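To be precise, the following lines are protein_28.cif, and they hold mmCIF, C-alpha atoms.
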```cif
data_input
loop_
_atom_site.label_atom_id
_atom_site.label_comp_id
_atom_site.auth_asym_id
_atom_site.auth_seq_id
_atom_site.Cartn_x
_atom_site.Cartn_y
_atom_site.Cartn_z
CA MET A 20 -14.42 -0.85 -15.85
CA LYS A 21 -13.86 -2.73 -12.62
CA TYR A 22 -11.25 -3.08 -9.88
CA ILE A 23 -9.81 -6.44 -8.84
CA ASP A 24 -7.77 -6.99 -5.67
CA LEU A 25 -4.69 -9.18 -6.29
CA THR A 26 -3.60 -9.19 -2.62
CA HIS A 27 -3.87 -11.90 0.05
CA THR A 28 -5.39 -10.74 3.35
CA PHE A 29 -2.78 -10.64 6.13
CA ASP A 30 -4.46 -12.33 9.09
CA ALA A 31 -3.35 -14.08 12.30
CA GLU A 32 -2.62 -17.35 10.47
CA MET A 33 -0.17 -16.47 7.72
CA PRO A 34 1.90 -19.19 6.05
CA VAL A 35 5.64 -18.39 5.92
CA TYR A 36 8.71 -19.49 4.04
CA PRO A 37 9.92 -22.64 5.87
CA GLY A 38 12.15 -21.62 8.79
CA ASP A 39 11.01 -18.00 8.90
CA PRO A 40 9.53 -16.64 12.16
CA ILE A 41 5.74 -16.86 12.49
CA PRO A 42 4.09 -13.43 12.24
CA GLU A 43 1.86 -12.14 15.02
CA LEU A 44 -1.28 -10.03 14.70
CA VAL A 45 -2.75 -9.28 18.12
CA GLN A 46 -5.38 -6.95 19.52
CA MET A 47 -3.92 -4.36 21.93
CA ALA A 48 -6.95 -2.12 22.52
CA ASP A 49 -10.66 -2.85 22.67
CA LEU A 50 -13.67 -0.61 21.96
CA HIS A 51 -15.32 -1.48 25.28
CA LYS A 52 -12.23 -0.97 27.42
CA GLU A 53 -10.13 1.68 25.69
CA GLY A 54 -12.83 3.23 23.50
CA TYR A 55 -11.12 2.18 20.27
CA THR A 56 -9.72 -0.89 18.53
CA ASP A 57 -5.98 -1.19 17.89
CA TYR A 58 -4.05 -4.17 16.57
CA GLN A 59 -0.32 -4.74 16.62
CA ILE A 60 1.67 -6.60 13.99
CA LYS A 61 5.04 -8.32 14.25
CA THR A 62 6.32 -9.77 11.02
CA GLY A 63 9.23 -10.22 8.66
CA MET A 64 8.90 -8.56 5.29
CA HIS A 65 8.45 -11.65 3.13
CA VAL A 66 5.03 -12.75 4.37
CA GLY A 67 1.85 -12.51 2.31
CA THR A 68 1.72 -10.40 -0.84
CA HIS A 69 4.90 -8.31 -0.72
CA MET A 70 7.40 -6.43 -2.87
CA ASP A 71 11.17 -7.00 -2.94
CA ALA A 72 13.59 -4.12 -3.57
CA PRO A 73 17.22 -4.57 -4.72
CA LEU A 74 18.60 -4.44 -1.13
CA HIS A 75 16.96 -7.81 -0.44
CA MET A 76 19.59 -9.67 -2.46
CA LEU A 77 22.22 -7.18 -3.63
CA GLU A 78 25.10 -5.38 -1.95
CA GLY A 79 24.42 -1.63 -2.10
CA GLY A 80 20.95 -2.25 -3.56
CA LYS A 81 18.22 0.34 -3.10
CA TRP A 82 15.97 0.39 -0.04
CA LEU A 83 12.28 -0.03 -0.85
CA SER A 84 11.51 3.43 0.56
CA ASP A 85 13.94 4.97 -1.97
CA ILE A 86 12.24 3.57 -5.07
CA ALA A 87 10.60 6.26 -7.24
CA VAL A 88 6.82 5.93 -7.07
CA GLU A 89 6.53 5.90 -10.88
CA LYS A 90 7.69 2.26 -10.65
CA PHE A 91 4.50 1.20 -8.88
CA ILE A 92 1.94 2.04 -11.55
CA GLY A 93 1.80 0.72 -15.09
CA LYS A 94 0.03 -1.33 -17.71
CA GLY A 95 -0.44 -4.96 -16.73
CA CYS A 96 0.60 -7.89 -18.89
CA LEU A 97 -0.77 -11.27 -17.77
CA ILE A 98 1.38 -14.32 -18.55
CA ASP A 99 -0.68 -17.51 -18.40
CA ALA A 100 1.87 -20.10 -17.27
CA ARG A 101 -0.51 -22.54 -15.61
CA GLY A 102 0.88 -26.07 -15.75
CA ALA A 103 4.49 -25.09 -16.49
CA SER A 104 7.16 -26.23 -14.00
CA VAL A 105 9.55 -23.62 -15.42
CA VAL A 106 8.26 -20.37 -16.89
CA ASN A 107 10.70 -19.85 -19.77
CA ALA A 108 11.21 -17.04 -22.29
CA ASN A 109 8.74 -18.60 -24.75
CA PHE A 110 5.91 -17.23 -22.62
CA LEU A 111 7.16 -13.74 -23.41
CA ASN A 112 7.42 -14.53 -27.12
CA LYS A 113 3.79 -15.63 -27.15
CA ARG A 114 2.64 -12.64 -25.10
CA PRO A 115 4.67 -9.54 -25.92
CA ALA A 116 5.11 -7.10 -23.06
CA LYS A 117 6.01 -3.47 -23.59
CA LYS A 118 8.55 -1.20 -21.90
CA GLY A 119 7.23 -0.12 -18.51
CA ASP A 120 4.73 -2.98 -18.21
CA ILE A 121 4.02 -4.82 -14.98
CA LEU A 122 4.27 -8.56 -15.68
CA LEU A 123 1.87 -10.80 -13.79
CA VAL A 124 2.94 -14.42 -14.00
CA MET A 125 -0.05 -16.70 -13.33
CA THR A 126 0.93 -20.25 -12.32
CA GLY A 127 -2.36 -21.08 -10.59
CA PHE A 128 -0.43 -21.86 -7.38
CA SER A 129 -2.31 -19.23 -5.38
CA GLU A 130 -5.08 -21.77 -4.71
CA LYS A 131 -2.58 -23.77 -2.62
CA TYR A 132 -1.61 -20.72 -0.55
CA ARG A 133 -2.30 -22.27 2.86
CA GLN A 134 -1.11 -25.80 2.00
CA PRO A 135 2.48 -27.05 2.64
CA GLU A 136 2.76 -27.80 -1.10
CA TYR A 137 2.68 -24.06 -1.76
CA TYR A 138 6.19 -23.55 -0.40
CA GLU A 139 7.53 -26.98 -1.35
CA LYS A 140 6.57 -27.41 -4.99
CA TYR A 141 6.11 -24.01 -6.58
CA PRO A 142 7.12 -23.59 -10.23
CA GLU A 143 10.05 -21.32 -11.06
CA ILE A 144 10.79 -18.55 -13.51
CA GLY A 145 13.67 -19.38 -15.88
CA GLU A 146 16.74 -17.18 -16.20
CA ASP A 147 15.91 -16.78 -19.90
CA PHE A 148 12.49 -15.35 -18.96
CA ALA A 149 14.20 -12.88 -16.61
CA GLY A 150 16.65 -11.95 -19.38
CA LYS A 151 13.83 -11.32 -21.82
CA ALA A 152 11.88 -9.26 -19.22
CA ILE A 153 14.99 -7.11 -18.72
CA GLU A 154 15.40 -6.71 -22.50
CA LEU A 155 11.77 -5.60 -22.80
CA GLY A 156 12.23 -3.08 -19.97
CA VAL A 157 9.37 -4.10 -17.68
CA LYS A 158 9.04 -2.35 -14.29
CA ILE A 159 7.90 -5.22 -12.09
CA VAL A 160 7.62 -9.01 -12.25
CA GLY A 161 4.84 -10.37 -10.03
CA ILE A 162 3.98 -14.03 -9.45
CA ASP A 163 1.35 -16.05 -7.56
CA THR A 164 3.95 -18.24 -5.80
CA PRO A 165 6.29 -17.61 -2.81
CA SER A 166 9.24 -16.81 -5.11
CA PRO A 167 10.26 -16.74 -8.76
CA ASP A 168 13.20 -19.06 -7.95
CA ARG A 169 15.10 -21.02 -5.27
CA PRO A 170 18.63 -20.68 -3.79
CA PRO A 171 20.99 -19.27 -5.07
CA PHE A 172 18.17 -16.96 -6.33
CA LYS A 173 19.65 -16.12 -9.73
CA VAL A 174 16.35 -14.77 -11.09
CA HIS A 175 15.95 -12.48 -8.06
CA LYS A 176 19.47 -11.16 -8.63
CA LEU A 177 19.04 -10.69 -12.39
CA LEU A 178 15.82 -8.69 -11.98
CA LEU A 179 16.78 -6.70 -8.89
CA GLY A 180 20.15 -5.93 -10.51
CA LYS A 181 18.23 -3.98 -13.15
CA GLU A 182 15.93 -2.43 -10.51
CA ILE A 183 13.01 -4.52 -11.70
CA LEU A 184 10.91 -5.02 -8.56
CA ILE A 185 9.52 -8.44 -7.61
CA ILE A 186 6.07 -9.15 -6.17
CA GLU A 187 5.47 -12.52 -4.52
CA ASN A 188 2.30 -14.26 -3.31
CA LEU A 189 -0.14 -12.57 -5.67
CA THR A 190 -3.67 -13.95 -5.85
CA ASN A 191 -6.80 -13.68 -8.03
CA LEU A 192 -4.81 -13.50 -11.27
CA GLU A 193 -7.39 -15.86 -12.82
CA LEU A 194 -9.90 -12.99 -12.67
CA LEU A 195 -7.78 -11.12 -15.21
CA ILE A 196 -8.09 -13.75 -17.95
CA GLY A 197 -9.61 -12.18 -21.03
CA VAL A 198 -9.09 -8.59 -19.91
CA SER A 199 -7.52 -6.73 -22.84
CA ASP A 200 -6.52 -3.48 -21.11
CA LEU A 201 -5.23 -3.50 -17.54
CA ASP A 202 -3.84 -0.79 -15.27
CA ILE A 203 -1.91 -2.11 -12.26
CA PHE A 204 -1.37 -0.22 -9.01
CA ALA A 205 1.19 -1.95 -6.75
CA LEU A 206 1.81 0.34 -3.78
CA PRO A 207 4.07 -1.00 -1.02
CA ALA A 208 4.01 0.27 2.56
CA LYS A 209 6.79 2.90 2.68
CA LEU A 210 9.06 1.03 5.07
CA HIS A 211 12.80 1.72 5.29
CA THR A 212 13.45 -1.96 4.59
CA GLU A 213 14.43 -4.32 1.78
CA ALA A 214 10.81 -5.37 1.15
CA ALA A 215 7.31 -4.72 2.49
CA PRO A 216 3.66 -5.70 2.24
CA VAL A 217 2.24 -4.36 -1.02
CA ARG A 218 -1.38 -3.71 -2.03
CA VAL A 219 -1.91 -4.71 -5.63
CA ILE A 220 -5.04 -3.64 -7.47
CA ALA A 221 -5.92 -4.13 -11.13
CA LYS A 222 -8.21 -1.79 -13.03
CA ALA A 223 -9.76 -3.71 -15.89
CA LEU A 224 -10.50 -1.20 -18.64
CA GLY A 225 -11.29 -3.47 -21.56
CA VAL A 226 -12.58 -7.00 -21.67
CA SER A 227 -12.26 -9.58 -24.42
CA VAL A 228 -15.17 -10.89 -26.48
CA GLU A 229 -15.06 -14.19 -24.56
CA ASP A 230 -15.43 -12.33 -21.30
CA LEU A 231 -18.41 -10.41 -22.61
CA LEU A 232 -20.12 -13.64 -23.69
CA LYS A 233 -19.90 -15.12 -20.16
CA MET B 15 1.97 14.62 -15.59
CA LYS B 16 3.92 13.70 -12.48
CA TYR B 17 3.61 11.51 -9.39
CA ILE B 18 3.98 12.87 -5.86
CA ASP B 19 4.42 10.69 -2.76
CA LEU B 20 2.26 11.85 0.16
CA THR B 21 3.59 9.22 2.59
CA HIS B 22 6.06 9.49 5.48
CA THR B 23 8.87 6.92 5.43
CA PHE B 24 8.48 4.36 8.23
CA ASP B 25 11.95 4.08 9.79
CA ALA B 26 13.42 2.96 13.13
CA GLU B 27 12.61 6.32 14.81
CA MET B 28 8.89 6.83 14.34
CA PRO B 29 7.00 9.31 16.50
CA VAL B 30 3.86 7.88 18.11
CA TYR B 31 0.68 9.09 19.72
CA PRO B 32 1.63 9.86 23.37
CA GLY B 33 1.38 6.66 25.42
CA ASP B 34 1.40 4.29 22.45
CA PRO B 35 4.09 1.58 22.28
CA ILE B 36 7.25 2.51 20.36
CA PRO B 37 7.50 0.64 17.05
CA GLU B 38 10.51 -1.52 16.24
CA LEU B 39 12.18 -2.02 12.88
CA VAL B 40 15.12 -4.41 13.18
CA GLN B 41 17.35 -6.30 10.80
CA MET B 42 17.00 -10.10 11.12
CA ALA B 43 19.10 -11.31 8.20
CA ASP B 44 22.21 -9.92 6.55
CA LEU B 45 23.53 -10.29 2.99
CA HIS B 46 26.99 -11.42 4.19
CA LYS B 47 25.74 -13.96 6.72
CA GLU B 48 22.43 -15.26 5.38
CA GLY B 49 22.82 -14.26 1.75
CA TYR B 50 19.88 -11.86 1.87
CA THR B 51 18.57 -8.88 3.83
CA ASP B 52 15.39 -9.21 5.92
CA TYR B 53 13.91 -6.73 8.35
CA GLN B 54 11.22 -7.30 10.94
CA ILE B 55 8.63 -4.78 12.02
CA LYS B 56 6.64 -4.58 15.26
CA THR B 57 4.12 -1.77 15.39
CA GLY B 58 0.62 -0.67 16.25
CA MET B 59 -1.53 0.41 13.35
CA HIS B 60 -1.65 4.15 14.04
CA VAL B 61 1.97 5.01 13.34
CA GLY B 62 3.15 6.99 10.32
CA THR B 63 0.87 7.56 7.35
CA HIS B 64 -2.04 5.16 7.92
CA MET B 65 -5.71 4.57 7.13
CA ASP B 66 -8.51 4.06 9.68
CA ALA B 67 -11.46 1.78 8.93
CA PRO B 68 -14.82 1.92 10.80
CA LEU B 69 -13.80 -0.84 13.27
CA HIS B 70 -11.26 1.54 14.82
CA MET B 71 -14.00 3.49 16.59
CA LEU B 72 -17.34 1.80 15.94
CA GLU B 73 -19.02 -1.31 17.28
CA GLY B 74 -19.56 -3.71 14.39
CA GLY B 75 -17.59 -1.47 12.04
CA LYS B 76 -15.88 -2.91 8.98
CA TRP B 77 -12.37 -4.34 9.11
CA LEU B 78 -9.92 -2.57 6.82
CA SER B 79 -9.38 -5.75 4.80
CA ASP B 80 -13.13 -5.85 4.02
CA ILE B 81 -13.30 -2.41 2.42
CA ALA B 82 -14.00 -2.50 -1.34
CA VAL B 83 -10.92 -1.42 -3.28
CA GLU B 84 -12.92 1.15 -5.26
CA LYS B 85 -12.75 3.31 -2.12
CA PHE B 86 -8.98 3.74 -2.42
CA ILE B 87 -8.81 5.52 -5.78
CA GLY B 88 -10.45 8.81 -6.71
CA LYS B 89 -10.09 12.43 -7.69
CA GLY B 90 -8.23 14.50 -5.14
CA CYS B 91 -9.54 17.76 -3.65
CA LEU B 92 -6.95 19.80 -1.74
CA ILE B 93 -8.27 21.95 1.12
CA ASP B 94 -5.79 24.67 2.06
CA ALA B 95 -6.42 25.12 5.79
CA ARG B 96 -3.00 26.42 6.79
CA GLY B 97 -3.24 28.67 9.82
CA ALA B 98 -6.69 27.51 10.94
CA SER B 99 -6.98 26.04 14.45
CA VAL B 100 -10.32 24.47 13.48
CA VAL B 101 -11.03 23.41 9.90
CA ASN B 102 -14.72 24.29 9.60
CA ALA B 103 -17.32 23.79 6.85
CA ASN B 104 -16.47 27.15 5.24
CA PHE B 105 -13.40 25.51 3.72
CA LEU B 106 -15.73 23.21 1.79
CA ASN B 107 -17.90 26.10 0.68
CA LYS B 108 -14.85 27.85 -0.76
CA ARG B 109 -13.53 24.68 -2.38
CA PRO B 110 -16.38 22.47 -3.57
CA ALA B 111 -15.65 18.75 -3.54
CA LYS B 112 -17.58 16.24 -5.62
CA LYS B 113 -19.12 12.88 -4.80
CA GLY B 114 -16.40 10.24 -4.62
CA ASP B 115 -13.57 12.74 -4.10
CA ILE B 116 -10.66 12.14 -1.76
CA LEU B 117 -10.30 15.21 0.46
CA LEU B 118 -6.77 16.21 1.44
CA VAL B 119 -6.78 18.67 4.31
CA MET B 120 -3.51 20.64 4.37
CA THR B 121 -2.76 22.28 7.73
CA GLY B 122 1.01 22.58 7.16
CA PHE B 123 1.61 20.57 10.36
CA SER B 124 3.54 17.88 8.52
CA GLU B 125 6.72 19.95 8.87
CA LYS B 126 6.52 19.40 12.66
CA TYR B 127 6.23 15.61 12.24
CA ARG B 128 9.17 14.69 14.50
CA GLN B 129 8.63 17.46 17.09
CA PRO B 130 6.57 17.03 20.32
CA GLU B 131 4.35 19.91 19.14
CA TYR B 132 3.08 17.68 16.34
CA TYR B 133 1.04 15.54 18.73
CA GLU B 134 0.33 18.27 21.28
CA LYS B 135 -0.95 21.18 19.24
CA TYR B 136 -2.38 19.91 15.99
CA PRO B 137 -5.43 21.71 14.54
CA GLU B 138 -8.75 19.87 14.39
CA ILE B 139 -11.46 19.28 11.84
CA GLY B 140 -14.84 20.67 12.91
CA GLU B 141 -17.97 18.54 13.14
CA ASP B 142 -19.59 20.86 10.59
CA PHE B 143 -16.78 20.11 8.13
CA ALA B 144 -17.35 16.37 8.66
CA GLY B 145 -21.09 16.85 8.15
CA LYS B 146 -20.52 18.71 4.89
CA ALA B 147 -18.03 16.06 3.68
CA ILE B 148 -20.68 13.40 4.37
CA GLU B 149 -23.32 15.43 2.51
CA LEU B 150 -20.99 15.79 -0.48
CA GLY B 151 -20.32 12.03 -0.49
CA VAL B 152 -16.53 12.01 -0.39
CA LYS B 153 -14.74 8.65 -0.08
CA ILE B 154 -11.84 9.56 2.17
CA VAL B 155 -10.74 12.44 4.39
CA GLY B 156 -6.96 12.69 4.73
CA ILE B 157 -5.00 15.15 6.85
CA ASP B 158 -1.35 16.05 7.56
CA THR B 159 -1.76 15.82 11.36
CA PRO B 160 -1.96 12.84 13.78
CA SER B 161 -5.77 12.99 13.87
CA PRO B 162 -8.72 15.05 12.65
CA ASP B 163 -9.90 15.42 16.27
CA ARG B 164 -9.30 14.59 19.96
CA PRO B 165 -11.22 12.48 22.51
CA PRO B 166 -14.12 11.70 22.37
CA PHE B 167 -13.31 11.60 18.62
CA LYS B 168 -16.65 12.81 17.28
CA VAL B 169 -15.27 13.57 13.82
CA HIS B 170 -13.76 10.09 13.56
CA LYS B 171 -17.14 8.60 14.51
CA LEU B 172 -19.15 10.80 12.13
CA LEU B 173 -16.94 9.95 9.13
CA LEU B 174 -16.37 6.26 9.89
CA GLY B 175 -20.11 5.89 10.59
CA LYS B 176 -20.70 6.70 6.92
CA GLU B 177 -17.78 4.48 5.86
CA ILE B 178 -15.69 7.48 4.91
CA LEU B 179 -12.12 6.36 5.52
CA ILE B 180 -9.62 8.54 7.38
CA ILE B 181 -5.94 8.99 6.52
CA GLU B 182 -3.65 10.50 9.16
CA ASN B 183 -0.05 11.78 9.01
CA LEU B 184 0.00 12.72 5.33
CA THR B 185 2.95 14.74 4.07
CA ASN B 186 4.02 16.76 1.00
CA LEU B 187 0.54 18.23 0.49
CA GLU B 188 2.22 21.58 -0.24
CA LEU B 189 3.49 20.06 -3.50
CA LEU B 190 -0.12 19.84 -4.71
CA ILE B 191 -0.81 23.57 -4.50
CA GLY B 192 -1.84 24.84 -7.89
CA VAL B 193 -2.52 21.42 -9.40
CA SER B 194 -5.91 21.58 -11.10
CA ASP B 195 -6.51 17.87 -11.78
CA LEU B 196 -5.42 15.24 -9.28
CA ASP B 197 -5.83 11.46 -9.12
CA ILE B 198 -5.20 9.96 -5.68
CA PHE B 199 -4.19 6.36 -5.01
CA ALA B 200 -4.38 5.48 -1.30
CA LEU B 201 -3.70 1.76 -0.98
CA PRO B 202 -3.46 0.34 2.55
CA ALA B 203 -1.64 -2.88 3.41
CA LYS B 204 -4.37 -5.56 3.40
CA LEU B 205 -4.24 -6.34 7.11
CA HIS B 206 -7.15 -7.95 8.96
CA THR B 207 -7.12 -5.03 11.39
CA GLU B 208 -8.92 -1.75 12.15
CA ALA B 209 -6.25 0.35 10.39
CA ALA B 210 -2.94 -0.11 8.56
CA PRO B 211 -0.02 1.69 6.93
CA VAL B 212 -1.19 3.20 3.65
CA ARG B 213 0.82 4.33 0.63
CA VAL B 214 -0.64 7.50 -0.79
CA ILE B 215 0.41 8.74 -4.21
CA ALA B 216 -0.95 11.69 -6.18
CA LYS B 217 -0.91 11.82 -9.96
CA ALA B 218 -0.91 15.47 -11.01
CA LEU B 219 -2.61 15.65 -14.39
CA GLY B 220 -3.11 19.36 -14.81
CA VAL B 221 -1.25 22.30 -13.33
CA SER B 222 -2.37 25.84 -12.80
CA VAL B 223 -0.97 28.83 -14.66
CA GLU B 224 1.00 29.88 -11.57
CA ASP B 225 2.64 26.48 -11.44
CA LEU B 226 3.61 26.70 -15.10
CA LEU B 227 5.19 30.13 -14.54
CA LYS B 228 7.52 28.79 -11.82
#
```
Written form, structure tokens:
Amino acid sequence: MKYIDLTHTFDAEMPVYPGDPIPELVQMADLHKEGYTDYQIKTGMHVGTHMDAPLHMLEGGKWLSDIAVEKFIGKGCLIDARGASVVNANFLNKRPAKKGDILLVMTGFSEKYRQPEYYEKYPEIGEDFAGKAIELGVKIVGIDTPSPDRPPFKVHKLLLGKEILIIENLTNLELLIGVSDLDIFALPAKLHTEAAPVRVIAKALGVSVEDLLK
Amino acid sequence: MKYIDLTHTFDAEMPVYPGDPIPELVQMADLHKEGYTDYQIKTGMHVGTHMDAPLHMLEGGKWLSDIAVEKFIGKGCLIDARGASVVNANFLNKRPAKKGDILLVMTGFSEKYRQPEYYEKYPEIGEDFAGKAIELGVKIVGIDTPSPDRPPFKVHKLLLGKEILIIENLTNLELLIGVSDLDIFALPAKLHTEAAPVRVIAKALGVSVEDLLK
């Protein structure tokens, strides 16, 4: 059994969605002067690894702080979509998810996180994939890109419309390859907002034979 | 089995440690104008339910983002210290914690969260309690007050010096009374800082006979 962190570190140099304000992380108190260290953050909600609640895209949608905590913990289902420009429903036919699962869509784009290409050329999730995820009854769809789609954000609206939460900017999904039994803990900061930074941790309970042979 | 949220909601009216800057939570984008909702937060790290890492009080102490994720998950041990002005080591003699446990110190002060009294009159944890917690090898000490101590923060320094993390401003601990088997998930936002908002969730696996009779 081991734990794997699927979260980018939020530091003073975070990349943002083009046009969004640049976040600030500044030191306000110093051990030698004030006797303690204290930082201050100023940021929009869609920076780094974060979770979207329905209010982000839907009229009357739930605030993140109103989501029942049961939604944040579940079995993980890794979808290996490396190389695909559109992640379509076939990926869910090949890799059946169960009701209540947390889908982790691995595109491999996390390695470009601090390059302009990351926001310009990311692959998308197809509407048919979203439809199938809804049919299966998953709790969360997470992805290692800035977004599952682009304007007019149909995939966002499909998923959030069914209260399926979205996690963007995941990382380290490659470390889950070959793990046969995964628990996922995706706990967002409890902000009264439409989205917030989320800490995502995987607990790898079982590993595949290939993994054991490494 | 049920989940219980031990986290205060971070809204636009957060109480702060006297003298600290007032946090801001403001809406930057609106569904009708921009097609989506986006809030922005500006805050120090010690507001609401948050976790302190060693860097907060110790020279050369670890940043929160460098703490191994194994530290954030463990069995919970509830210490009922309601009515005590100092939580001393006797509470740990009465209620033995095990190595790797997450201690939750319940003073009942959470109900005063938005009153001035909350920051002025909170009970403290004794140095002997901290010493015993270190001896037992707990991972985290959490409390439903603004701080386990006051300047010069000896309890902070004792615990953080052994890399025992501190959670302040917990809530809902009363809902854990009578639960015999508790898993605690305390996942902080992964900020490159000395502390950060943390989401704390309890999974109540077993309940006591009293609880079943309710």
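Relative to CA of Asn183 (chain B), CA of Lys52 (chain A) is found at 25.5 Å.
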Notebook entry, point to check: Which residues, written as a PyMOL selection string, have at least one atom at most 12 Å from His75 (chain A), with all atoms listed in the file counted and residues fewer than 3 positions away on the same chain left out?
Noted result: (chain A and resi 64-65+70-72+78-83+172+175-176+178-180+182+184-185+211-215) or (chain B and resi 41-46+48-53)
Notebook entry, point to check: What are the residues of chain A that have an atom within 6 Å of an atom of chain B, counting all atoms listed in the file, as a PyMOL selection string?
Noted result: chain A and resi 28-30+55-56+58-63+75-76+208-211+218
Around all the atoms of region 121-128 of chain A listed in the file, draw an axis-aligned box and extend it by 8 Å on each of the six sides; I want its centre and edge lengths in Å to one decimal, as JSON.
```
{"center_x": 1.0, "center_y": -13.3, "center_z": -11.5, "size_x": 22.6, "size_y": 33.0, "size_z": 24.3}
```
Note to self: Report, in Å to a single decimal, how far apart CA of Asp195 (chain B) and CA of Gly119 (chain A) are.
What the structure shows: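 If I compute the distance from CA of Gly119 (chain A) to CA of Asp195 (chain B), I get 23.6 Å.
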Margin query: One number please: CA of Leu97 (chain A) to CA of Asn191 (chain A), in Å, one decimal.
Written below: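 Interatomic distance here is 11.7 Å.
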Name the residues that the PyMOL selection byres ((chain A and resi 122) around 10) picks from the file above, as a tab-separated table (two decimals) with C-alpha atoms, in the frame of the given file, using the file's chain letters and numbers.
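Result file follows (part.tsv):
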```
chain	number	residue	atom	x	y	z
A	93	GLY	CA	1.80	0.72	-15.09
A	94	LYS	CA	0.03	-1.33	-17.71
A	95	GLY	CA	-0.44	-4.96	-16.73
A	96	CYS	CA	0.60	-7.89	-18.89
A	97	LEU	CA	-0.77	-11.27	-17.77
A	98	ILE	CA	1.38	-14.32	-18.55
A	111	LEU	CA	7.16	-13.74	-23.41
A	116	ALA	CA	5.11	-7.10	-23.06
A	117	LYS	CA	6.01	-3.47	-23.59
A	119	GLY	CA	7.23	-0.12	-18.51
A	120	ASP	CA	4.73	-2.98	-18.21
A	121	ILE	CA	4.02	-4.82	-14.98
A	123	LEU	CA	1.87	-10.80	-13.79
A	124	VAL	CA	2.94	-14.42	-14.00
A	125	MET	CA	-0.05	-16.70	-13.33
A	152	ALA	CA	11.88	-9.26	-19.22
A	157	VAL	CA	9.37	-4.10	-17.68
A	158	LYS	CA	9.04	-2.35	-14.29
A	159	ILE	CA	7.90	-5.22	-12.09
A	160	VAL	CA	7.62	-9.01	-12.25
A	161	GLY	CA	4.84	-10.37	-10.03
A	162	ILE	CA	3.98	-14.03	-9.45
A	185	ILE	CA	9.52	-8.44	-7.61
A	186	ILE	CA	6.07	-9.15	-6.17
A	203	ILE	CA	-1.91	-2.11	-12.26
```
Note to self: My list of candidates is B:Arg109, B:Glu27, B:Val193, B:Arg164. Which is closest to Tyr127 (chain B) when distances are computed with only C-alpha atoms?
What the structure shows: B:Glu27
